[in-house]
Every structure is written in C-alpha cells, then in structure tokens.
Amino acid sequence: MTHRSTTKLIKISNALLTQTKQGRLTWTSTENLDVFEVNFPDYSIRLAHRLDRRTTQTMGELGTYHKIEIYNNEGMPIEVATSDQMKHEGIPEAENITEVLAELYGLAKEQALGVDSALDELLSRLNSAA
C-alpha cells in the first residue's frame, strides 16, 4: 500500500463516517458476522472488526483492529487496509483513523442489524406488558 492510497482510504473512511451519520448510506450484513458492507454502482466497501491475535499471544490482552476492503464490480478486492497499517504509515491524516473506523463500524453494525428498531420494539412490548 502506498502513501497515496493510504491517504485516499483515510479520506474515504471519513466520508463514509460523515454520510453514515447523515443517513445517506445503507449498510448491510454479510456472510460473516463481524463484516458489514455498503454498495455503490461499481464498487462495494466492507468493514470488519478483528481480534489481533499477535497482541493476545504476546501481551495476554485482547487487541482489536478494523479492516476496510474495497471490491470492484466483479467481486475482486482492489484495496485492503487495517486501521493499524494506516496509522503506522506516518501520515498526519491517519492520526485518528482508529477512532474513525471504530465509530463507523459501530454505526454500520447498528444499521445493518436494525438495533434501534429492535430496542424500540422490545421497549414497547415491555412497557405495554407492565
């Protein structure tokens, strides 16, 4: 991965976060429980949450990172990067990429799984049963 592609991935990640917050993107579930996807006419973007097994083994702690993957319309991955990779590229824009991808992942997961509507329905049922 080059500095140029890292810079573009950071810009894409920030734009995804902004548009997700504005309700302009629709994230969906994938075949993997911890991966969510948004589709565009010629590309799709997947966002994953992963355990960092190296950290777990060496330090006895659970480390996590996020991975962003961009696919073309044939399903071929054209760019893949983790939050850790981008953060360690030495690019000033990458300073908060870990937080950006973590927040984006949380919003994508909530939207794809319908968390808000599920919680609202449960509250409604519990309130009417009382």
# chains A, B, ... in the order shown; residues from 1 in each chain; ligands from 1
>>> residues_around(residues="Arg46 (chain A)", least_positions_apart="4", cutoff="6 Å", atoms="only C-alpha atoms", output="list of chain:residue names")
A:Phe36, A:Glu37, A:Ile68, A:Glu69
>>> select_by_dssp(residues="region 9-88 of chain A", states="helix (DSSP H, G or I)", output="ChimeraX atom specification")
/A:9-21,53-59,83-87
>>> residues_around(residues="Arg24 (chain A)", least_positions_apart="5", cutoff="12 Å", atoms="only C-alpha atoms", output="number ranges by chain")
A: 15-19, 38-39, 108, 111
>>> residues_around(residues="Asn14 (chain A)", least_positions_apart="3", cutoff="10 Å", atoms="only C-alpha atoms", output="PDB file with N, CA and C atoms, in the first residue's frame")
ATOM      1  N   LYS A   8      -5.943   8.299   0.444  1.00  0.00           N
ATOM      2  CA  LYS A   8      -7.282   8.195  -0.163  1.00  0.00           C
ATOM      3  C   LYS A   8      -8.205   7.328   0.692  1.00  0.00           C
ATOM      4  N   LEU A   9      -7.685   6.243   1.250  1.00  0.00           N
ATOM      5  CA  LEU A   9      -8.504   5.394   2.121  1.00  0.00           C
ATOM      6  C   LEU A   9      -8.944   6.146   3.371  1.00  0.00           C
ATOM      7  N   ILE A  10      -8.086   6.988   3.881  1.00  0.00           N
ATOM      8  CA  ILE A  10      -8.447   7.799   5.052  1.00  0.00           C
ATOM      9  C   ILE A  10      -9.557   8.766   4.683  1.00  0.00           C
ATOM     10  N   LYS A  11      -9.445   9.403   3.520  1.00  0.00           N
ATOM     11  CA  LYS A  11     -10.494  10.322   3.059  1.00  0.00           C
ATOM     12  C   LYS A  11     -11.810   9.576   2.837  1.00  0.00           C
ATOM     13  N   LEU A  17     -17.985   7.808   7.200  1.00  0.00           N
ATOM     14  CA  LEU A  17     -18.482   8.117   8.538  1.00  0.00           C
ATOM     15  C   LEU A  17     -19.469   9.279   8.486  1.00  0.00           C
ATOM     16  N   THR A  18     -19.117  10.334   7.789  1.00  0.00           N
ATOM     17  CA  THR A  18     -19.995  11.501   7.681  1.00  0.00           C
ATOM     18  C   THR A  18     -21.327  11.126   7.037  1.00  0.00           C
ATOM     19  N   GLN A  19     -21.276  10.417   5.923  1.00  0.00           N
ATOM     20  CA  GLN A  19     -22.508  10.067   5.218  1.00  0.00           C
ATOM     21  C   GLN A  19     -23.338   9.039   5.975  1.00  0.00           C
ATOM     22  N   THR A  20     -22.695   8.168   6.716  1.00  0.00           N
ATOM     23  CA  THR A  20     -23.441   7.211   7.542  1.00  0.00           C
ATOM     24  C   THR A  20     -24.170   7.954   8.656  1.00  0.00           C
ATOM     25  N   ILE A  97      -7.433   7.592  12.606  1.00  0.00           N
ATOM     26  CA  ILE A  97      -8.125   6.600  11.780  1.00  0.00           C
ATOM     27  C   ILE A  97      -8.685   5.446  12.605  1.00  0.00           C
ATOM     28  N   VAL A 100     -11.984   6.697  13.851  1.00  0.00           N
ATOM     29  CA  VAL A 100     -12.927   6.861  12.735  1.00  0.00           C
ATOM     30  C   VAL A 100     -13.506   5.515  12.336  1.00  0.00           C
ATOM     31  N   LEU A 101     -12.645   4.524  12.133  1.00  0.00           N
ATOM     32  CA  LEU A 101     -13.127   3.212  11.700  1.00  0.00           C
ATOM     33  C   LEU A 101     -13.920   2.503  12.805  1.00  0.00           C
ATOM     34  N   LEU A 104     -17.334   4.210  12.736  1.00  0.00           N
ATOM     35  CA  LEU A 104     -18.018   3.793  11.515  1.00  0.00           C
ATOM     36  C   LEU A 104     -18.511   2.357  11.628  1.00  0.00           C
TER      37      LEU A 104
END
>>> residues_around(residues="Met86 (chain A)", least_positions_apart="4", cutoff="9 Å", atoms="only C-alpha atoms", output="list in words")
His3, Thr6, Thr7, Leu9, Ile10, Ala81, Thr82, Gly90, Ile91, Ala94, Glu95, Ile97 and Thr98 of chain A
>>> write_last_selection(atoms="C-alpha atoms", output="compact mmCIF listing (two decimals), in the first residue's frame")
# COMPACT_ATOMS: atom_id res chain seq x y z
CA HIS A 3 1.13 6.65 0.97
CA THR A 6 -3.49 5.30 2.35
CA THR A 7 -4.36 9.00 2.14
CA LEU A 9 -8.50 5.39 2.12
CA ILE A 10 -8.45 7.80 5.05
CA ALA A 81 -6.00 -1.96 4.76
CA THR A 82 -6.27 -2.21 8.52
CA GLY A 90 3.39 8.17 9.19
CA ILE A 91 0.70 10.29 7.53
CA ALA A 94 -4.01 8.88 9.87
CA GLU A 95 -3.70 10.07 13.45
CA ILE A 97 -8.13 6.60 11.78
CA THR A 98 -8.54 4.01 14.54
>>> closest_residue(among="A:Glu99, A:Ile70, A:Tyr105, A:Glu79", to="Asp42 (chain A)", atoms="only C-alpha atoms")
A:Ile70
>>> closest_residue(among="A:Glu74, A:Asn127, A:Asp84, A:Thr30", to="Ala102 (chain A)", atoms="only C-alpha atoms")
A:Asp84
>>> atom_distance(atom1="CA of Ile12 (chain A)", atom2="CA of Val115 (chain A)")
24.9 Å
>>> select_by_dssp(residues="region 12-111 of chain A", states="strand (DSSP E)", output="PyMOL selection string")
chain A and resi 27-29+35-39+43-52+63-72+77-82
>>> write_last_selection(atoms="C-alpha atoms", output="compact mmCIF listing (two decimals), in the first residue's frame")
# COMPACT_ATOMS: atom_id res chain seq x y z
CA TRP A 27 -25.03 -0.76 5.38
CA THR A 28 -25.96 -4.43 5.15
CA SER A 29 -24.88 -7.66 6.81
CA VAL A 35 -18.36 -7.70 8.47
CA PHE A 36 -20.71 -5.06 7.08
CA GLU A 37 -20.99 -3.75 3.55
CA VAL A 38 -22.14 -0.69 1.63
CA ASN A 39 -22.63 -0.89 -2.14
CA TYR A 43 -17.71 -0.83 -6.08
CA SER A 44 -18.53 -2.15 -2.65
CA ILE A 45 -16.84 -1.44 0.65
CA ARG A 46 -16.64 -3.87 3.52
CA LEU A 47 -15.74 -3.00 7.07
CA ALA A 48 -14.63 -5.69 9.52
CA HIS A 49 -13.75 -5.89 13.19
CA ARG A 50 -10.96 -8.31 14.03
CA LEU A 51 -9.09 -9.58 17.06
CA ASP A 52 -5.36 -9.01 16.93
CA GLY A 63 -6.30 -6.28 20.89
CA THR A 64 -8.63 -5.30 18.09
CA TYR A 65 -8.42 -3.51 14.79
CA HIS A 66 -10.70 -2.67 11.88
CA LYS A 67 -10.19 -3.59 8.27
CA ILE A 68 -11.57 -1.76 5.25
CA GLU A 69 -11.81 -3.59 1.94
CA ILE A 70 -12.79 -2.14 -1.43
CA TYR A 71 -14.09 -4.50 -4.13
CA ASN A 72 -14.75 -3.86 -7.80
CA PRO A 77 -10.56 -6.86 -3.82
CA ILE A 78 -8.74 -3.81 -5.16
CA GLU A 79 -7.55 -2.33 -1.87
CA VAL A 80 -7.40 -3.65 1.69
CA ALA A 81 -6.00 -1.96 4.76
CA THR A 82 -6.27 -2.21 8.52
>>> atom_distance(atom1="CA of Leu107 (chain A)", atom2="CA of Lys21 (chain A)")
7.7 Å
